[in-house]
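File shown: data_26.pdb. Contents: PDB, C-alpha atoms.
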```
ATOM      1  CA  MET A 144     106.468-112.844  99.283  1.00  0.00           C
ATOM      2  CA  VAL A 145     108.998-111.500 101.774  1.00  0.00           C
ATOM      3  CA  LYS A 146     111.109-108.528 100.666  1.00  0.00           C
ATOM      4  CA  ILE A 147     114.046-106.809 102.368  1.00  0.00           C
ATOM      5  CA  LYS A 148     114.531-103.208 101.252  1.00  0.00           C
ATOM      6  CA  ASN A 149     116.040 -99.938 102.370  1.00  0.00           C
ATOM      7  CA  LEU A 150     113.772 -97.992 104.665  1.00  0.00           C
ATOM      8  CA  ARG A 151     112.137 -94.872 103.214  1.00  0.00           C
ATOM      9  CA  GLU A 152     111.322 -91.784 105.219  1.00  0.00           C
ATOM     10  CA  SER A 153     107.623 -92.503 104.696  1.00  0.00           C
ATOM     11  CA  ASP A 154     108.173 -95.731 106.699  1.00  0.00           C
ATOM     12  CA  TYR A 155     109.635 -94.063 109.819  1.00  0.00           C
ATOM     13  CA  TYR A 156     106.438 -94.082 111.855  1.00  0.00           C
ATOM     14  CA  LYS A 157     105.874 -97.770 111.111  1.00  0.00           C
ATOM     15  CA  ILE A 158     109.353 -98.574 112.436  1.00  0.00           C
ATOM     16  CA  LEU A 159     108.766 -96.392 115.490  1.00  0.00           C
ATOM     17  CA  LYS A 160     105.532 -98.297 116.168  1.00  0.00           C
ATOM     18  CA  ILE A 161     107.496-101.565 116.198  1.00  0.00           C
ATOM     19  CA  GLU A 162     110.071 -99.909 118.490  1.00  0.00           C
ATOM     20  CA  ASN A 163     107.317 -98.793 120.846  1.00  0.00           C
ATOM     21  CA  ASP A 164     105.790-102.274 120.997  1.00  0.00           C
ATOM     22  CA  LEU A 165     109.096-104.076 121.618  1.00  0.00           C
ATOM     23  CA  PHE A 166     111.620-101.990 123.501  1.00  0.00           C
ATOM     24  CA  ASP A 167     111.912-100.092 126.764  1.00  0.00           C
ATOM     25  CA  ASN A 168     114.568 -97.769 125.313  1.00  0.00           C
ATOM     26  CA  LYS A 169     112.659 -96.656 122.246  1.00  0.00           C
ATOM     27  CA  MET A 170     114.064 -94.504 119.499  1.00  0.00           C
ATOM     28  CA  SER A 171     112.327 -91.170 118.897  1.00  0.00           C
ATOM     29  CA  TYR A 172     111.516 -89.732 115.469  1.00  0.00           C
ATOM     30  CA  LYS A 173     114.251 -87.125 115.999  1.00  0.00           C
ATOM     31  CA  GLU A 174     116.820 -89.823 116.847  1.00  0.00           C
ATOM     32  CA  LEU A 175     115.777 -91.929 113.863  1.00  0.00           C
ATOM     33  CA  LYS A 176     116.079 -88.933 111.548  1.00  0.00           C
ATOM     34  CA  SER A 177     119.498 -88.091 112.996  1.00  0.00           C
ATOM     35  CA  PHE A 178     120.737 -91.656 112.516  1.00  0.00           C
ATOM     36  CA  THR A 179     119.490 -91.891 108.938  1.00  0.00           C
ATOM     37  CA  ASN A 180     121.346 -88.694 108.047  1.00  0.00           C
ATOM     38  CA  GLN A 181     124.633 -90.472 108.766  1.00  0.00           C
ATOM     39  CA  VAL A 182     126.257 -91.881 105.645  1.00  0.00           C
ATOM     40  CA  TYR A 183     127.224 -95.248 107.172  1.00  0.00           C
ATOM     41  CA  PHE A 184     123.917 -95.907 108.934  1.00  0.00           C
ATOM     42  CA  LYS A 185     121.392 -98.219 107.269  1.00  0.00           C
ATOM     43  CA  ILE A 186     117.932 -99.483 108.081  1.00  0.00           C
ATOM     44  CA  TRP A 187     116.456-102.330 106.116  1.00  0.00           C
ATOM     45  CA  LYS A 188     112.798-103.177 106.431  1.00  0.00           C
ATOM     46  CA  ILE A 189     111.375-106.628 105.984  1.00  0.00           C
ATOM     47  CA  GLU A 190     107.886-106.694 104.550  1.00  0.00           C
ATOM     48  CA  MET A 191     105.227-108.840 103.011  1.00  0.00           C
ATOM     49  CA  ASP A 192     102.027-106.857 102.506  1.00  0.00           C
ATOM     50  CA  GLN A 193     103.182-104.598 105.370  1.00  0.00           C
ATOM     51  CA  ILE A 194     106.381-103.893 107.291  1.00  0.00           C
ATOM     52  CA  ILE A 195     106.893-106.675 109.828  1.00  0.00           C
ATOM     53  CA  GLY A 196     110.344-105.740 111.074  1.00  0.00           C
ATOM     54  CA  TYR A 197     113.671-104.089 110.489  1.00  0.00           C
ATOM     55  CA  VAL A 198     117.370-104.140 111.186  1.00  0.00           C
ATOM     56  CA  SER A 199     119.426-101.014 111.830  1.00  0.00           C
ATOM     57  CA  PHE A 200     123.199-101.078 111.502  1.00  0.00           C
ATOM     58  CA  PHE A 201     126.373 -99.209 110.686  1.00  0.00           C
ATOM     59  CA  HIS A 202     128.311-100.490 107.662  1.00  0.00           C
ATOM     60  CA  ILE A 203     131.836 -99.127 107.606  1.00  0.00           C
ATOM     61  CA  ASP A 204     134.377-100.646 105.239  1.00  0.00           C
ATOM     62  CA  ASP A 205     134.422-104.399 105.908  1.00  0.00           C
ATOM     63  CA  GLU A 206     132.541-104.348 109.225  1.00  0.00           C
ATOM     64  CA  VAL A 207     128.938-104.071 110.347  1.00  0.00           C
ATOM     65  CA  GLU A 208     127.670-103.140 113.773  1.00  0.00           C
ATOM     66  CA  ILE A 209     124.058-104.150 114.286  1.00  0.00           C
ATOM     67  CA  ILE A 210     122.217-101.601 116.402  1.00  0.00           C
ATOM     68  CA  ARG A 211     118.864-103.298 116.605  1.00  0.00           C
ATOM     69  CA  ILE A 212     116.646-105.952 115.078  1.00  0.00           C
ATOM     70  CA  GLY A 213     112.931-105.600 115.668  1.00  0.00           C
ATOM     71  CA  ILE A 214     110.241-107.974 114.453  1.00  0.00           C
ATOM     72  CA  ASN A 215     106.522-107.492 115.205  1.00  0.00           C
ATOM     73  CA  LYS A 216     105.480-109.791 118.041  1.00  0.00           C
ATOM     74  CA  SER A 217     102.946-111.509 115.782  1.00  0.00           C
ATOM     75  CA  HIS A 218     105.751-112.440 113.358  1.00  0.00           C
ATOM     76  CA  GLN A 219     108.464-113.440 115.827  1.00  0.00           C
ATOM     77  CA  ARG A 220     109.928-116.960 115.838  1.00  0.00           C
ATOM     78  CA  GLN A 221     109.124-117.327 112.116  1.00  0.00           C
ATOM     79  CA  ASN A 222     112.704-116.802 110.834  1.00  0.00           C
ATOM     80  CA  TYR A 223     112.308-113.165 109.770  1.00  0.00           C
ATOM     81  CA  GLY A 224     115.163-112.076 112.044  1.00  0.00           C
ATOM     82  CA  SER A 225     117.251-114.868 110.543  1.00  0.00           C
ATOM     83  CA  LEU A 226     116.505-113.573 107.042  1.00  0.00           C
ATOM     84  CA  LEU A 227     117.790-110.132 108.050  1.00  0.00           C
ATOM     85  CA  ILE A 228     120.992-111.608 109.519  1.00  0.00           C
ATOM     86  CA  GLU A 229     121.572-113.715 106.409  1.00  0.00           C
ATOM     87  CA  GLU A 230     121.062-110.664 104.185  1.00  0.00           C
ATOM     88  CA  ILE A 231     123.675-108.718 106.171  1.00  0.00           C
ATOM     89  CA  LYS A 232     126.086-111.639 105.796  1.00  0.00           C
ATOM     90  CA  LYS A 233     125.863-111.163 101.999  1.00  0.00           C
ATOM     91  CA  LEU A 234     127.571-107.766 102.271  1.00  0.00           C
ATOM     92  CA  ARG A 235     131.303-107.619 101.558  1.00  0.00           C
ATOM     93  CA  ILE A 236     132.328-107.701 105.187  1.00  0.00           C
ATOM     94  CA  LYS A 237     134.668-109.613 107.486  1.00  0.00           C
ATOM     95  CA  LYS A 238     132.965-109.069 110.841  1.00  0.00           C
ATOM     96  CA  ILE A 239     129.582-108.277 112.362  1.00  0.00           C
ATOM     97  CA  TYR A 240     129.449-106.816 115.872  1.00  0.00           C
ATOM     98  CA  LEU A 241     126.618-106.133 118.276  1.00  0.00           C
ATOM     99  CA  GLU A 242     125.743-105.735 121.946  1.00  0.00           C
ATOM    100  CA  VAL A 243     122.898-107.576 123.620  1.00  0.00           C
ATOM    101  CA  SER A 244     121.508-107.328 127.129  1.00  0.00           C
ATOM    102  CA  ALA A 245     122.901-110.034 129.386  1.00  0.00           C
ATOM    103  CA  LYS A 246     119.281-110.603 130.496  1.00  0.00           C
ATOM    104  CA  ASN A 247     117.919-111.118 126.969  1.00  0.00           C
ATOM    105  CA  ASN A 248     118.366-114.876 126.698  1.00  0.00           C
ATOM    106  CA  LYS A 249     116.159-115.182 123.600  1.00  0.00           C
ATOM    107  CA  ALA A 250     118.323-112.705 121.676  1.00  0.00           C
ATOM    108  CA  ILE A 251     121.576-114.215 122.967  1.00  0.00           C
ATOM    109  CA  ASN A 252     120.509-117.682 121.837  1.00  0.00           C
ATOM    110  CA  PHE A 253     119.339-116.292 118.487  1.00  0.00           C
ATOM    111  CA  TYR A 254     122.742-114.747 117.776  1.00  0.00           C
ATOM    112  CA  LEU A 255     124.705-117.767 119.022  1.00  0.00           C
ATOM    113  CA  LYS A 256     122.579-119.951 116.699  1.00  0.00           C
ATOM    114  CA  HIS A 257     123.749-117.729 113.823  1.00  0.00           C
ATOM    115  CA  GLY A 258     127.421-118.219 114.597  1.00  0.00           C
ATOM    116  CA  PHE A 259     128.104-115.171 116.763  1.00  0.00           C
ATOM    117  CA  GLN A 260     130.556-115.573 119.637  1.00  0.00           C
ATOM    118  CA  LYS A 261     130.790-113.725 122.926  1.00  0.00           C
ATOM    119  CA  ILE A 262     133.883-111.547 122.865  1.00  0.00           C
ATOM    120  CA  GLY A 263     133.367-109.368 125.918  1.00  0.00           C
ATOM    121  CA  LYS A 264     131.064-107.702 128.373  1.00  0.00           C
ATOM    122  CA  ARG A 265     130.082-104.070 128.890  1.00  0.00           C
ATOM    123  CA  HIS A 266     129.228-103.454 132.512  1.00  0.00           C
ATOM    124  CA  GLY A 267     126.143-101.295 133.061  1.00  0.00           C
ATOM    125  CA  TYR A 268     125.692-100.686 129.340  1.00  0.00           C
ATOM    126  CA  TYR A 269     121.874-100.603 129.323  1.00  0.00           C
ATOM    127  CA  LYS A 270     119.233 -99.176 131.639  1.00  0.00           C
ATOM    128  CA  ASP A 271     116.034-101.088 132.293  1.00  0.00           C
ATOM    129  CA  LYS A 272     112.616 -99.464 132.743  1.00  0.00           C
ATOM    130  CA  ASN A 273     113.426 -98.963 136.457  1.00  0.00           C
ATOM    131  CA  ASN A 274     116.687 -97.168 135.578  1.00  0.00           C
ATOM    132  CA  LEU A 275     118.773-100.074 136.863  1.00  0.00           C
ATOM    133  CA  ARG A 276     121.992-100.729 134.962  1.00  0.00           C
ATOM    134  CA  ILE A 277     122.262-103.988 133.016  1.00  0.00           C
ATOM    135  CA  ASP A 278     125.373-105.558 131.541  1.00  0.00           C
ATOM    136  CA  ALA A 279     125.647-106.274 127.833  1.00  0.00           C
ATOM    137  CA  PHE A 280     127.516-109.009 126.033  1.00  0.00           C
ATOM    138  CA  LYS A 281     129.612-107.992 123.046  1.00  0.00           C
ATOM    139  CA  LEU A 282     129.159-110.500 120.240  1.00  0.00           C
ATOM    140  CA  CYS A 283     130.993-110.949 116.959  1.00  0.00           C
ATOM    141  CA  PHE A 284     130.518-113.005 113.814  1.00  0.00           C
ATOM    142  CA  LYS A 285     133.701-113.525 111.803  1.00  0.00           C
ATOM    143  CA  PHE A 286     133.790-114.787 108.224  1.00  0.00           C
TER     144      PHE A 286
END
```
What would the structure in this file look like if it were written as structure tokens?
Amino acid sequence: MVKIKNLRESDYYKILKIENDLFDNKMSYKELKSFTNQVYFKIWKIEMDQIIGYVSFFHIDDEVEIIRIGINKSHQRQNYGSLLIEEIKKLRIKKIYLEVSAKNNKAINFYLKHGFQKIGKRHGYYKDKNNLRIDAFKLCFKF
């Protein structure tokens, strides 16, 4: 059975392992700890018999800003990311924001499928592994 729960400190290294496997710009333990000390920052884990992914986001008043969704490669394209998005949509919010690399077509299509719309572009927002600057699309879901 799939469960979505708040992340516990004992889970940090499992989340960092997923980060390491998926992303060029990985979060460090120190950064994760710093984020989780902020009152509006949340990380939810999605698990079955083990943690298979997570979503990190800021929830302030009636808005959410998704920072990152990470799903183990072996569990991708099985709707676990969709479950996390749908769970966020259950919060008492009016808008969900996020940025996504203009080169990440899989993620862009995923968010568009879930009703997000492109609302802008951030030039040079990300760096790739070669330190080249990459644009990001700003996306928003409105209720």
Nearest residue to Phe280 of chain A from the set A:Gly267, A:Gly258, A:Gly213, A:Gly224 (distances using only C-alpha atoms): A:Gly267
Which residues, protein or nucleic acid, reach to within 12 Å of (104.3, -100.8, 103.7) in the file's coordinates when using all atoms listed in the file, and can you give that as a PDB file with C-alpha atoms, keeping the file's coordinate frame?
```
ATOM      1  CA  VAL A 145     108.998-111.500 101.774  1.00  0.00           C
ATOM      2  CA  LYS A 146     111.109-108.528 100.666  1.00  0.00           C
ATOM      3  CA  ILE A 147     114.046-106.809 102.368  1.00  0.00           C
ATOM      4  CA  LYS A 148     114.531-103.208 101.252  1.00  0.00           C
ATOM      5  CA  ASN A 149     116.040 -99.938 102.370  1.00  0.00           C
ATOM      6  CA  LEU A 150     113.772 -97.992 104.665  1.00  0.00           C
ATOM      7  CA  ARG A 151     112.137 -94.872 103.214  1.00  0.00           C
ATOM      8  CA  GLU A 152     111.322 -91.784 105.219  1.00  0.00           C
ATOM      9  CA  SER A 153     107.623 -92.503 104.696  1.00  0.00           C
ATOM     10  CA  ASP A 154     108.173 -95.731 106.699  1.00  0.00           C
ATOM     11  CA  TYR A 155     109.635 -94.063 109.819  1.00  0.00           C
ATOM     12  CA  TYR A 156     106.438 -94.082 111.855  1.00  0.00           C
ATOM     13  CA  LYS A 157     105.874 -97.770 111.111  1.00  0.00           C
ATOM     14  CA  ILE A 158     109.353 -98.574 112.436  1.00  0.00           C
ATOM     15  CA  LYS A 188     112.798-103.177 106.431  1.00  0.00           C
ATOM     16  CA  ILE A 189     111.375-106.628 105.984  1.00  0.00           C
ATOM     17  CA  GLU A 190     107.886-106.694 104.550  1.00  0.00           C
ATOM     18  CA  MET A 191     105.227-108.840 103.011  1.00  0.00           C
ATOM     19  CA  ASP A 192     102.027-106.857 102.506  1.00  0.00           C
ATOM     20  CA  GLN A 193     103.182-104.598 105.370  1.00  0.00           C
ATOM     21  CA  ILE A 194     106.381-103.893 107.291  1.00  0.00           C
ATOM     22  CA  ILE A 195     106.893-106.675 109.828  1.00  0.00           C
ATOM     23  CA  GLY A 196     110.344-105.740 111.074  1.00  0.00           C
TER      24      GLY A 196
END
```
Counting only C-alpha atoms, which residues have an atom no more than 9 Å from (125.0, -95.9, 107.9) in the file's coordinates? Please list them as number ranges by chain. A: 178-186, 199-203
Requested write-out: C-alpha atoms of the selected residues, as a short mmCIF file (atom, residue, chain, number, x, y, z; two decimals), in the coordinates of the input:
```cif
data_model
loop_
_atom_site.label_atom_id
_atom_site.label_comp_id
_atom_site.auth_asym_id
_atom_site.auth_seq_id
_atom_site.Cartn_x
_atom_site.Cartn_y
_atom_site.Cartn_z
CA PHE A 178 120.74 -91.66 112.52
CA THR A 179 119.49 -91.89 108.94
CA ASN A 180 121.35 -88.69 108.05
CA GLN A 181 124.63 -90.47 108.77
CA VAL A 182 126.26 -91.88 105.64
CA TYR A 183 127.22 -95.25 107.17
CA PHE A 184 123.92 -95.91 108.93
CA LYS A 185 121.39 -98.22 107.27
CA ILE A 186 117.93 -99.48 108.08
CA SER A 199 119.43 -101.01 111.83
CA PHE A 200 123.20 -101.08 111.50
CA PHE A 201 126.37 -99.21 110.69
CA HIS A 202 128.31 -100.49 107.66
CA ILE A 203 131.84 -99.13 107.61
#
```
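Residue nearest Leu282 of chain A within the list A:His218, A:Lys237, A:Arg265, A:Lys246: A:Arg265 [criterion: smallest interatomic distance, all atoms listed in the file].
Atom CA of Leu165 of chain A is found 11.3 Å from atom CA of Ser217 of chain A.
One finds atom CA of Leu241 of chain A at 14.7 Å from atom CA of Asp205 of chain A.
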